[in-house]
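This report refers to the structure that appears directly beneath it.
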Amino acid sequence: MPVPSGAVPTPGAGHPGVRRLAALATLALAGCEGAPTYLRTSGYIGDREATLGWVLLVIASAVIVVIAVLVPVAIYRRRPGGSNLQREEGGLSWIYIGGIAVPALILIGVTIFSLGVLREVARPPSGPAMTVQVIGHTWWWEVHYPGQAPNDLVTVANEIHIPVGRPVRLELSTADVIHSFWFPQLAGKTDLIPGQRNVAWIEARTAGTYWGHCAEYCGRQHANMMMSIVADSPAQFARWLQDQRRPAAEPAAAAIDSGRAVFTRSACATCHTIRGTDAGGALGPDLTHVGSRRTIAAGTLPNNVGNLAGWIGNPQALKPGVIMPAVPLRPAELHAVVSYLHSLQ
Amino acid sequence: MATSAPAVPSLTLDERLRHIWETKPGLFGVLGTVDHKKIGKRYLVTAFVFLLLGGIEAAVMRLQLAQSNLHLLTPEQYDQLFTMHGATMIFWYAAPVLSGFSNFLWPLLIGARDMAFPRLNAYSYWTFLLSGVFLYSSVLVGQAPDGGWFAYTPLTNSLFSPGLNLDFYALALIFLTVSTTAGAINFIVSLFKLRAPGMSINRIPIIMWGTLTNSFSIVFALPSLTVACVMLFADRRFGTHFFDVSAGGHPLLWQHLFWIFGHPWVYIVVLPAMGIVSDALPVFCRRPLVGYTMVALATVTTGILGFGVWVHHMFATGLPPLAISFFSAASFAITIPSAIAVFSWIATIWTGRPVIRTAFLFMAGFVVLFVIGGVSGVATAAAAFDQQLTDTYFVVAHLHYVLIGINLFPVVAGLYYWFPKMTGRMLSERLGYWNFWTMFIGFNLGFFPMHISGLLGMPRRIYTYPAGLGWDTVNLITTIGAFVFGAGVLLLVANVLWSRVRGAPAGSNPWDGPTLEWATTSPPPPYNFAVIPTVGSRHPLWEDRLDEGARSLVSEGPALDEEKVTVETTPLDGQLTDVLTMPEDTLYPLAHALAVTLTFYGLLVRSPGLGVAGLVLVIGLTIGWLWPTRRELEEA
C-alpha cells in the first residue's frame, strides 16, 4: 500500500504555543506513523486549517477536562448533613457565568478566528500557476492538464503531479455520482457534483507523495477510490508533463508488440485509450503512460507486473463491484498484455 | 426516601372509573386499546427492539473494521448494514423511544386521563411499528437500502440504484412521517388543552418543553423530508426529474431538503431526552432545578435556531464563503442554549444533596458525554476545519456522542426513574450499577478513539481500509469498546426482564418525586387519577416541604365518574373551560394502518391492484373512523 512519504511531519505553521501543544499531541499519535492526518500538514490551506483545528481541539479538550472534573466534585464535595428538600433558589450564577458569559466570549473569539481562516484559504495569495481538471468516476479519478493547443491536452488517472510551492487551480466535476476531492495533508474537501463545476485550489509546501481519498460515499467501491498527488520541483514537473504529452512508446520487443496487438484487438480497447494506438475507448482510465504510475485501480494496488496480471485476470476479486469486467484472455495473451502495459512508461 | 401519601380512590369510585376507562380483555382489547400508558409502553419496547437490531448491525460492522483488509462482509452487505444501522437508530429508535416516554407520561404529568386524540395516538403507534416492519421486510428479500441514511442523489436514483433498495427507503420514510406527524400534533394539542386546572404553562415539567419544541420542529421540518422522499420515489418510478441535471433538476436540491429536515431532527431526538434529565436529576439532588425558566427558554431557542444551521452539513459542496460564514456563525451560536442547560444541571448537583442511584449515575455520565459531543460539534461548526472533519470518523464519533450520549443515556436514566411507575416494580440497583459502568466505559472506549481515527484521516462509510495508514490500532480499540458497550445494553435488557417479575414493589412514589405522575399508584389505574387534580406550583408533591406557599390539590377534585371524559383548560393559564368526551377502544387505527401498509406494498411491487385496493380501504376506513356516533349526532 502506498503511503505518503516525503511529506515532512511538521505541525501546522502557526502560533509557537499551538505548535508546542501540537508536538505534544503528535507524540500521542506516535503509534499511527504514516497516517494521512490533517493535523500534520504540508500545504497552504492545510496548514491554516490545521492551526485552526489545533486551537479548537485544545479549547475542546480544556472544556471537557473542566466539566469532567466539575461533575464528580459537584457530586462528592463535602456539604452540610441532612437530606431534606432544599428550598433555596441559589445557583443561577453558575448559568450566568458558565452557561452564558464564558462560552459567549470563547465562541465570539473562535468564530472570528474561524471565519478569518475561511476567508484566507478561499483564494491563493498569488495567481495560480496552472489549472488541473479532475473528473470523478465510480470509482477512479480522471485528470486533465489542458495545454496551449487542444493537442497538448494531457490525460492521466488517479495520480496528479503538481509543482511544489505553486498554487494549482482545480476544476472539479463528475461523470456520474457525487464524489469529494480530499488530500488531508494539503487541503479540506471539495465535492464533485453533477450539474456544477466546483473550483478549488491546492498548494503543496513540501515535495513528496500525498495520499487522497474520495470523501463522499459513492457506492460499492467508495473504500477503494483513492488517488495520490506527487509534488515535484517545477523543473521535474515540467519534464513529467512533457513525457506525459508524448504518445505511447513503440514496443521495444516482440513480446511487448504482441501485447499491444492483443490489447487493441480485445475488449480492452473499447474502454481504454492508449494514445498512438488504435485503442480509443473513453469509459476507463487513459493508459498511455500507465507504466509510470505508482498504483493501479485507483490506489487499490501497487503497480507491478504481478498485480497488473491479477487485476486484468479478475478485477472483481480485487475490487468487487468495479465496472471493469474480466477479459477472457489466454495465459500467453495475458502475459503479453501485462508486459505491454508495464512498458508504457 | 419518604413516600407521600398516594391518592387512594374509594373502591366504588375506582370501580366506576375502571368500568369507564379499562381496556376490555381479550384480543379486541390488545389490538383496539387507546390507553396512552399501554401505547407508551409499546412504543418503548418496539423502539428498544429497533435499538437492538441497529446494535447488531453495528456489531457486525465493527467486526469487519476491527483490522485492515478484512473480508467478513462484501461491500454490498456493508453498504446495506451501515444504511440500515443509521436509518434504524435515527428514525425508528431515537425519536420513537422519546415518544414512548412522552406517551406514557404526558397525561400523567398534566393530570389528564388520556391524550387529546387517543385513537390518533394508537394510530401513530401502529404506523410506527408497521413502517418499521415494512423497512425490515427489505432484509428478507435481500434488498435493504444501501444509499446511506442520507441517500444522496444521484447515487440513489434508478440509474445507479436500480433495485428495490431505495424504494424501500423512500416509502418506509414517507410511511413513518405519518406516524411522527400524528404523534407531534397529539402532543401539542394535549399540552395546550388538557392540563389540569391551575397548571399554567410555567408550571409544566421541562420534558414537556422539550417534547413541545420537538413536536413543533417535527411539524415544520418533517414535511421537507416527506417531500424529498416523494420526489425521490417519483424520480425513480415515474420518470420525473427533480434531481436530474440533464433535465434541469439538481442533486443539491435533495441535500438542502434533507438537511432542512435533518438538522432540526438532531434537536428533535435530544431535547425531550435533555428534558428527562432536567426533571429527574433534581429529584436525586433533593432540590428544584436551578434556572427552570432559563432552561425552558433555552430549549425553545435551540429548537428555533436548529432551523438555521442545516448548511453546516454541506460545507464542502462549493457554496460561496459568505453563505458558509452565516451558517458557521449560527452553528457556533446554538452552543449557548446548550451551555445554559449544562450549567443548570451542574449547579443543581452542586447546590443539591445528590442521592446516588443508577438513574443519577446515567444522568451525571450524560452531562460529561453531552459536553464531549457538544465541543466536537463546535469544531465542526468552524467551516474551514469542518472541510477536513466532514465525512471522517471524527463526525462519526461526534454524532454517536450526541445520539448515544444525549439520547440513549437519558433514556436509560428515564427508564430507571419511571420503570417503577410503569410496572409497579423497581429495577435492580445492583445490576444497574454494573449496567451503568459497563455502558459508560464501553461507550467511551469504543467511541472516543473514533475522534482519533477521524483526525488520522479515516473516511466514513468505507467497508475496509488498507494496512499501513495507522488506523489499525484505533479501530481495534473501537471494536472492543463497542462490544463492551453492547454488553452493557444487554445488562439493561436483563435487568428489565428480571425486575419486571422479581423487582421490589415500588409504591406510588419511590423517589419522592415532585410531579403529578407520582401522586397516583404504580402502575397507574386505567383512569390515571381518581380525581382531576388542581395544580398550584411546579412541584405539587413538594409544596408542603418547600414552603412556597402554593397549595395544589391532588386528592380532591372533580371525579368525572359518569362518562369517559377529561377536562379542557386554556392554553396558557390552565383555566378550566370544558369537559371533553374521550373515544372508546377501536380497531380503526390498526385497520387503517394495515390498509396504508397494503398501499405502500402496492407502490413497492408496482402492483396497481394492490395499491388501489389499499387506497380504497384507506378511504373507506377514514370515513368509518370519522363517522359520528349516535351520541355525537344527538349532541350536534
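Naming works like this for the C-alpha cells: A, B, ... for the chains as they're shown, residue 1 at the start of each chain, ligands 1 onward in shown order.
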
Practice problem: Report as a count of residues only: the residues of segment 25-163 of chain A with a DSSP assignment of strand (DSSP E), based on the backbone of this structure. | Solution: 23

Quiz item: For chain A, which residues have at least one atom within 6 Å of chain B, if we go by only C-alpha atoms? Write them as a PyMOL selection string, please.
Solution: chain A and resi 32-37+49+53+56+60+68+74+85-87+91+94-95+99+114+118+177+188-191+195+198+220+223

Quiz prompt | For atom CA of Trp437 of chain B and atom CA of Ala359 of chain B, the interatomic separation in Å (one decimal) | solution =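 Calculated distance between atom CA of Trp437 of chain B and atom CA of Ala359 of chain B is 12.1 Å.
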
Quiz prompt | Of the listed residues B:Gly486, B:Gly574, B:Gly132, B:Gly111, that which approaches Ile441 of chain B most closely, counting only C-alpha atoms | solution =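 Closest residue, counting only C-alpha atoms: B:Gly486.
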
Practice problem: Find the residues near segment 335-339 of chain A: any atom within 7 Å, counting only C-alpha atoms, skip ones fewer than 5 places away on the same chain, and give them as a PyMOL selection string. | Solution: chain A and resi 255-256+258-260+262-263+305+308-309

Quiz item: Hey, what's within 7 Å of Leu166 of chain B if we count only C-alpha atoms and toss same-chain stuff fewer than 3 positions away? As JSON, numbers by chain, please?
Solution: {"B": [145, 156, 169, 170]}

Sorted by chain and rising residue number, which residues of segment 193-306 of chain B lie within 9 Å of segment 530-541 of chain B, and what are their closest atom pairs and distances in Å to one decimal, counting only C-alpha atoms, as a Markdown table?
```
| residue | atom | partner | partner_atom | distance |
| --- | --- | --- | --- | --- |
| B:Ala196 | CA | B:Thr534 | CA | 5.9 |
| B:Pro197 | CA | B:Thr534 | CA | 5.1 |
| B:Gly198 | CA | B:Val535 | CA | 4.7 |
| B:Met199 | CA | B:Val535 | CA | 5.1 |
| B:Ser200 | CA | B:Val535 | CA | 8.3 |
| B:Asn202 | CA | B:Arg538 | CA | 7.7 |
| B:Arg203 | CA | B:Arg538 | CA | 4.4 |
| B:Ile204 | CA | B:Arg538 | CA | 6.5 |
| B:Pro205 | CA | B:Arg538 | CA | 7.2 |
| B:Pro288 | CA | B:His539 | CA | 8.1 |
```

Next, write the just-selected residues to a file, as a JSON list (two decimals), in the first residue's frame, keeping N, CA and C atoms as the atom set.
```json
[["chain", "number", "residue", "atom", "x", "y", "z"],
["B", 196, "ALA", "N", -54.27, 19.96, 33.79],
["B", 196, "ALA", "CA", -55.14, 20.10, 34.96],
["B", 196, "ALA", "C", -55.33, 21.58, 35.27],
["B", 197, "PRO", "N", -56.47, 21.91, 35.84],
["B", 197, "PRO", "CA", -56.71, 23.32, 36.19],
["B", 197, "PRO", "C", -55.58, 23.84, 37.07],
["B", 198, "GLY", "N", -55.16, 25.05, 36.79],
["B", 198, "GLY", "CA", -54.10, 25.67, 37.59],
["B", 198, "GLY", "C", -52.71, 25.42, 37.06],
["B", 199, "MET", "N", -52.57, 24.47, 36.13],
["B", 199, "MET", "CA", -51.23, 24.16, 35.63],
["B", 199, "MET", "C", -50.92, 25.13, 34.50],
["B", 200, "SER", "N", -50.51, 26.35, 34.89],
["B", 200, "SER", "CA", -50.17, 27.33, 33.87],
["B", 200, "SER", "C", -48.89, 26.87, 33.16],
["B", 202, "ASN", "N", -46.03, 27.91, 32.83],
["B", 202, "ASN", "CA", -44.74, 27.98, 33.53],
["B", 202, "ASN", "C", -44.64, 26.95, 34.65],
["B", 203, "ARG", "N", -45.63, 26.04, 34.73],
["B", 203, "ARG", "CA", -45.56, 25.01, 35.76],
["B", 203, "ARG", "C", -45.38, 23.62, 35.16],
["B", 204, "ILE", "N", -45.21, 23.53, 33.85],
["B", 204, "ILE", "CA", -45.07, 22.20, 33.25],
["B", 204, "ILE", "C", -43.63, 21.72, 33.41],
["B", 205, "PRO", "N", -43.42, 20.43, 33.53],
["B", 205, "PRO", "CA", -42.06, 19.89, 33.61],
["B", 205, "PRO", "C", -41.26, 20.20, 32.35],
["B", 288, "PRO", "N", -35.26, 21.71, 43.68],
["B", 288, "PRO", "CA", -35.77, 22.02, 42.34],
["B", 288, "PRO", "C", -34.63, 22.33, 41.38]]
```

Self-check item: Backbone-only DSSP, helix (DSSP H, G or I) members of segment 288-529 of chain B, as a ChimeraX atom specification
Solution: /B:292-308,310-313,321-333,335-351,358-381,383-389,393-423,429-455,472-502,516-519

Practice problem: Please indicate the distance in Å from atom CA of Ala323 of chain B to atom CA of His256 of chain B, rounded to one decimal place. | Solution: 13.5 Å

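Taking atom CA of Leu53 of chain B as the reference point, atom CA of Gly40 of chain B is found at 20.0 Å.
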
Quiz prompt | Exercise: Leu172 of chain A partners within 6 Å, only C-alpha atoms, chain neighbours under 4 positions left out, as a VMD selection string | solution = chain A and resid 134 192 197 to 198

Would you mind exporting N, CA and C atoms of the selected residues as a CSV table (one decimal), in the first residue's frame?
```csv
chain,number,residue,atom,x,y,z
A,134,VAL,N,-10.3,17.8,-12.7
A,134,VAL,CA,-10.4,16.5,-12.1
A,134,VAL,C,-11.9,16.1,-12.4
A,192,LEU,N,-17.5,17.0,-5.8
A,192,LEU,CA,-17.7,16.9,-7.2
A,192,LEU,C,-19.1,16.6,-7.5
A,197,ARG,N,-19.6,23.0,-11.7
A,197,ARG,CA,-18.2,22.8,-11.7
A,197,ARG,C,-17.6,23.5,-10.5
A,198,ASN,N,-17.2,22.8,-9.5
A,198,ASN,CA,-16.6,23.5,-8.3
A,198,ASN,C,-15.2,23.8,-8.6
```

Quiz prompt | Shell of 7 Å around segment 209-222 of chain B, only C-alpha atoms, local chain residues under 5 positions omitted, as JSON, numbers by chain | solution = {"B": [177, 181, 184, 185, 187, 188, 260, 261, 264, 268, 271, 272, 275, 296, 299, 300, 303]}

Output N, CA and C atoms for every residue in that selection, as an mmCIF file, in the first residue's frame.
```
data_model
loop_
_atom_site.group_PDB
_atom_site.id
_atom_site.type_symbol
_atom_site.label_atom_id
_atom_site.label_comp_id
_atom_site.auth_asym_id
_atom_site.auth_seq_id
_atom_site.Cartn_x
_atom_site.Cartn_y
_atom_site.Cartn_z
ATOM 1 N N THR B 177 -43.253 9.144 8.488
ATOM 2 C CA THR B 177 -43.573 10.540 8.780
ATOM 3 C C THR B 177 -45.058 10.704 9.123
ATOM 4 N N THR B 181 -45.772 12.692 12.521
ATOM 5 C CA THR B 181 -46.570 13.909 12.466
ATOM 6 C C THR B 181 -47.812 13.784 13.344
ATOM 7 N N ALA B 184 -46.818 14.179 16.920
ATOM 8 C CA ALA B 184 -46.439 15.545 17.289
ATOM 9 C C ALA B 184 -47.681 16.402 17.525
ATOM 10 N N ILE B 185 -48.661 16.266 16.625
ATOM 11 C CA ILE B 185 -49.873 17.082 16.756
ATOM 12 C C ILE B 185 -50.607 16.718 18.044
ATOM 13 N N PHE B 187 -49.272 15.598 20.818
ATOM 14 C CA PHE B 187 -48.576 16.173 21.979
ATOM 15 C C PHE B 187 -48.895 17.662 22.121
ATOM 16 N N ILE B 188 -48.862 18.374 20.987
ATOM 17 C CA ILE B 188 -49.089 19.817 21.047
ATOM 18 C C ILE B 188 -50.486 20.112 21.598
ATOM 19 N N ILE B 260 -32.543 20.476 5.742
ATOM 20 C CA ILE B 260 -33.518 21.388 6.371
ATOM 21 C C ILE B 260 -34.375 20.576 7.345
ATOM 22 N N PHE B 261 -34.635 19.329 6.972
ATOM 23 C CA PHE B 261 -35.247 18.409 7.914
ATOM 24 C C PHE B 261 -34.209 17.883 8.916
ATOM 25 N N PRO B 264 -32.836 20.037 12.268
ATOM 26 C CA PRO B 264 -33.832 20.083 13.343
ATOM 27 C C PRO B 264 -34.057 18.706 13.974
ATOM 28 N N ILE B 268 -34.704 17.305 17.659
ATOM 29 C CA ILE B 268 -35.918 16.539 17.938
ATOM 30 C C ILE B 268 -35.582 15.311 18.781
ATOM 31 N N LEU B 271 -33.863 17.005 22.568
ATOM 32 C CA LEU B 271 -34.483 17.938 23.510
ATOM 33 C C LEU B 271 -35.364 17.242 24.563
ATOM 34 N N PRO B 272 -36.235 16.296 24.163
ATOM 35 C CA PRO B 272 -37.001 15.617 25.218
ATOM 36 C C PRO B 272 -36.103 14.804 26.144
ATOM 37 N N GLY B 275 -34.794 16.986 28.537
ATOM 38 C CA GLY B 275 -35.888 17.265 29.467
ATOM 39 C C GLY B 275 -36.006 16.189 30.537
ATOM 40 N N ALA B 296 -36.038 26.287 30.140
ATOM 41 C CA ALA B 296 -37.199 26.202 29.255
ATOM 42 C C ALA B 296 -36.991 27.089 28.026
ATOM 43 N N THR B 299 -34.413 25.657 25.730
ATOM 44 C CA THR B 299 -34.957 24.540 24.942
ATOM 45 C C THR B 299 -35.657 25.056 23.690
ATOM 46 N N VAL B 300 -36.524 26.042 23.888
ATOM 47 C CA VAL B 300 -37.263 26.581 22.744
ATOM 48 C C VAL B 300 -36.298 27.267 21.768
ATOM 49 N N GLY B 303 -34.558 24.826 19.580
ATOM 50 C CA GLY B 303 -35.433 24.329 18.528
ATOM 51 C C GLY B 303 -35.539 25.303 17.369
#
```

Self-check item: Residue neighbourhood Phe117 of chain B, 10 Å, only C-alpha atoms, exclusion window fewer than 5 positions, as a PyMOL selection string
Solution: chain B and resi 34+36+122-123+182-183+185-187+189-190+582-583
